[in-house]
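Chemist: Would you mind keeping the following structure in view while I ask a few things?
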Amino acid sequence: MSKSAEGEILENILASCAEKLHAEELVDAKGHFIGVRLWKDVIIDDTPDETLDPLVGEEHNHTWGWVPIDLNHILSTRPHLPSTGDVPNSGRGIPRRVHARTVFHDVGVAVKDVTSLANNLSCLSGGLKALYYMHKAGWVHRDFSVRNVIWVVDNNEGIGKLGDFEKPRDTNLPLHPPFRMNFLHDIESVWWAFTWIFFYHTDMDTTNANHSFDALHAQWKQFQLAFPGMVGHPSRQEFFIFVDELQTVCDDVLSETCRDVCDCIPHFAGTLQDGYRKAELASA
C-alpha cells in the first residue's frame, strides 16, 4: 500500500469534502464511503514490516526469503495516450509496500459477487455517487473496480459504497515528482466495471429462450478478450477502442435483458475517448 494508511487517506478525503461540499452532500458522501474504524501497520521485532509475501503470484522467487522494497517511485518508461487505450509502462520491479491491517465499520459483498442485476446496478450507482463526491472535493480514487464497490445490506435495505482508499490522490496539492491523474481515468474504471458486470453475468430466467448455449459461449469468449488478466493486453485495448465493433458484440452476445440495460456501453467508450483527446490536447 502507499505510505499513508487507508484510514488516514479517507480522513483527508472527508476533510476535503467538508470544505467543498454542502452540508447535505457531506452527509450523503459519508454514507457512500466504506467506513474505516481502525488501521495499524504490522510490527515485527519492533520494526514496521515493509517487505512482501514471496508466495504471491509472480512475486514468488522460490528463495523463500524476505525481499527488500525499493522506496523510489516507479514511473512510466514511455509516453502513453489514454485516448488510444494505451497504458503506462512502469518497467519491472516491486513497488514499495507497507504491511498493515485495517478494520472497517461496514460489512458487505463486492459488486462482482452480487448476482441480482437490480442490486448490481444499485450498488454501482452508490459507488458512483461516492466517486462524484470525491471528484467534487478534488480527489481521484485511482482504483475503482468491481472488487472495491461494496454492497452493504442493513435492515433489509442495500446501498453501494466505495472502498479501498490506498491509492487516492489529492489533485489540489502539488506532488513530487509531478503526478498526472485525470478524473477521466476514474471514469474509465467505471466503464470497465460496468462492462464487466454485463459480460460476466447473464440472464438466468428460463423464459429467455433466445440466449442459447452458443450465445453464452460467445459471451464468455468476448469476456476473456476484454478481461484477459493483463491490463496491457492488445485484446483489451481493441475491445475499448473499436466502438463500432463493440456495438456489434453487445448486440450479438448479450442476453436481451442485459442488452436493454447496457446499450450505452459503446457510446460510453466513445465519449471517454473524446474526453481523453480533449484532455491530452489541453495538457500537451
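Each chain of the C-alpha cells is named A, B, ... in the order shown, its residues numbered from 1; ligands are numbered from 1 in display order.
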Tell me, as a ChimeraX atom specification, which residues lie within 9 Å of A:Arg277, counting only C-alpha atoms; anything in the same chain fewer than 4 positions away does not count.

Modeler: /A:81-84,272-273,281-282

Chemist: Extract, using only C-alpha atoms, all DNA, RNA and protein residues at most 8 Å from stretch 32-45 of chain A, discarding same-chain residues fewer than 6 positions from it, and format them as a list in words.

Modeler: Ala5, Glu6, Gly7, Leu10, Val98, His99, Ala100, Arg101, Thr102, Val103, Phe104, His105, Asp106, Gly126, Gly127, Lys129, Ala130, Ile150, Ile159, Gly160, Lys161, Leu162 and Gly163 of chain A

Chemist: Name the residues in contact with stretch 217-220 of chain A at a cut-off of 8 Å, using only C-alpha atoms, excluding same-chain residues fewer than 4 positions from it; report them as a ChimeraX atom specification.

Modeler: /A:199-200,213,224,253-254

Chemist: Only N, CA, C and O atoms, please: the residues just picked out, written as a tab-separated table (two decimals), in the first residue's frame.

Modeler:
chain	number	residue	atom	x	y	z
A	199	PHE	N	-20.85	-8.48	-19.10
A	199	PHE	CA	-20.23	-9.55	-19.87
A	199	PHE	C	-19.92	-10.76	-19.01
A	199	PHE	O	-19.74	-11.86	-19.54
A	200	TYR	N	-19.87	-10.59	-17.70
A	200	TYR	CA	-19.63	-11.73	-16.81
A	200	TYR	C	-20.93	-12.45	-16.46
A	200	TYR	O	-20.97	-13.67	-16.34
A	213	PHE	N	-26.89	-21.71	-25.75
A	213	PHE	CA	-25.57	-22.09	-25.25
A	213	PHE	C	-24.48	-21.47	-26.12
A	213	PHE	O	-23.44	-21.03	-25.61
A	224	GLN	N	-13.35	-12.88	-22.03
A	224	GLN	CA	-11.93	-13.17	-21.90
A	224	GLN	C	-11.07	-12.23	-22.72
A	224	GLN	O	-9.93	-11.93	-22.34
A	253	VAL	N	-24.01	-10.92	-28.51
A	253	VAL	CA	-23.71	-11.93	-27.49
A	253	VAL	C	-24.43	-11.74	-26.16
A	253	VAL	O	-24.54	-12.69	-25.38
A	254	LEU	N	-24.90	-10.53	-25.85
A	254	LEU	CA	-25.53	-10.31	-24.56
A	254	LEU	C	-27.00	-10.72	-24.60
A	254	LEU	O	-27.67	-10.62	-25.63

Chemist: With a distance cut-off of 12 Å and only C-alpha atoms, select the neighbouring residues of A:Ala137, excluding the residue or stretch itself and same-chain residues fewer than 3 positions from it, and output the selection as a VMD selection string.

Modeler: chain A and resid 12 to 22 25 to 26 29 130 to 134 140 to 141 168 to 172 183

Chemist: Kindly save the residues from that selection, with C-alpha atoms included, as a short mmCIF file (atom, residue, chain, number, x, y, z; two decimals), in the first residue's frame.

Modeler:
data_model
loop_
_atom_site.label_atom_id
_atom_site.label_comp_id
_atom_site.auth_asym_id
_atom_site.auth_seq_id
_atom_site.Cartn_x
_atom_site.Cartn_y
_atom_site.Cartn_z
CA ASN A 12 -8.16 13.53 4.41
CA ILE A 13 -10.79 12.88 1.73
CA LEU A 14 -13.59 13.58 4.21
CA ALA A 15 -11.81 16.75 5.34
CA SER A 16 -11.74 17.95 1.72
CA CYS A 17 -15.41 17.01 1.37
CA ALA A 18 -16.21 19.05 4.49
CA GLU A 19 -14.54 22.07 2.87
CA LYS A 20 -16.07 21.81 -0.58
CA LEU A 21 -19.46 20.09 -0.23
CA HIS A 22 -22.75 21.41 1.09
CA GLU A 25 -23.86 16.44 0.35
CA LEU A 26 -21.35 15.77 3.12
CA ALA A 29 -20.94 11.32 0.94
CA ALA A 130 -19.08 8.31 -3.71
CA LEU A 131 -16.78 8.89 -6.69
CA TYR A 132 -18.75 12.01 -7.65
CA TYR A 133 -18.22 13.48 -4.19
CA MET A 134 -14.52 12.59 -4.25
CA VAL A 140 -9.14 10.89 -7.68
CA HIS A 141 -9.67 7.33 -6.44
CA PRO A 168 -6.34 8.16 -3.95
CA ARG A 169 -4.54 11.41 -4.74
CA ASP A 170 -5.50 14.99 -3.92
CA THR A 171 -5.34 16.95 -7.19
CA ASN A 172 -5.32 20.22 -5.26
CA PHE A 183 -10.61 12.38 -13.33
#
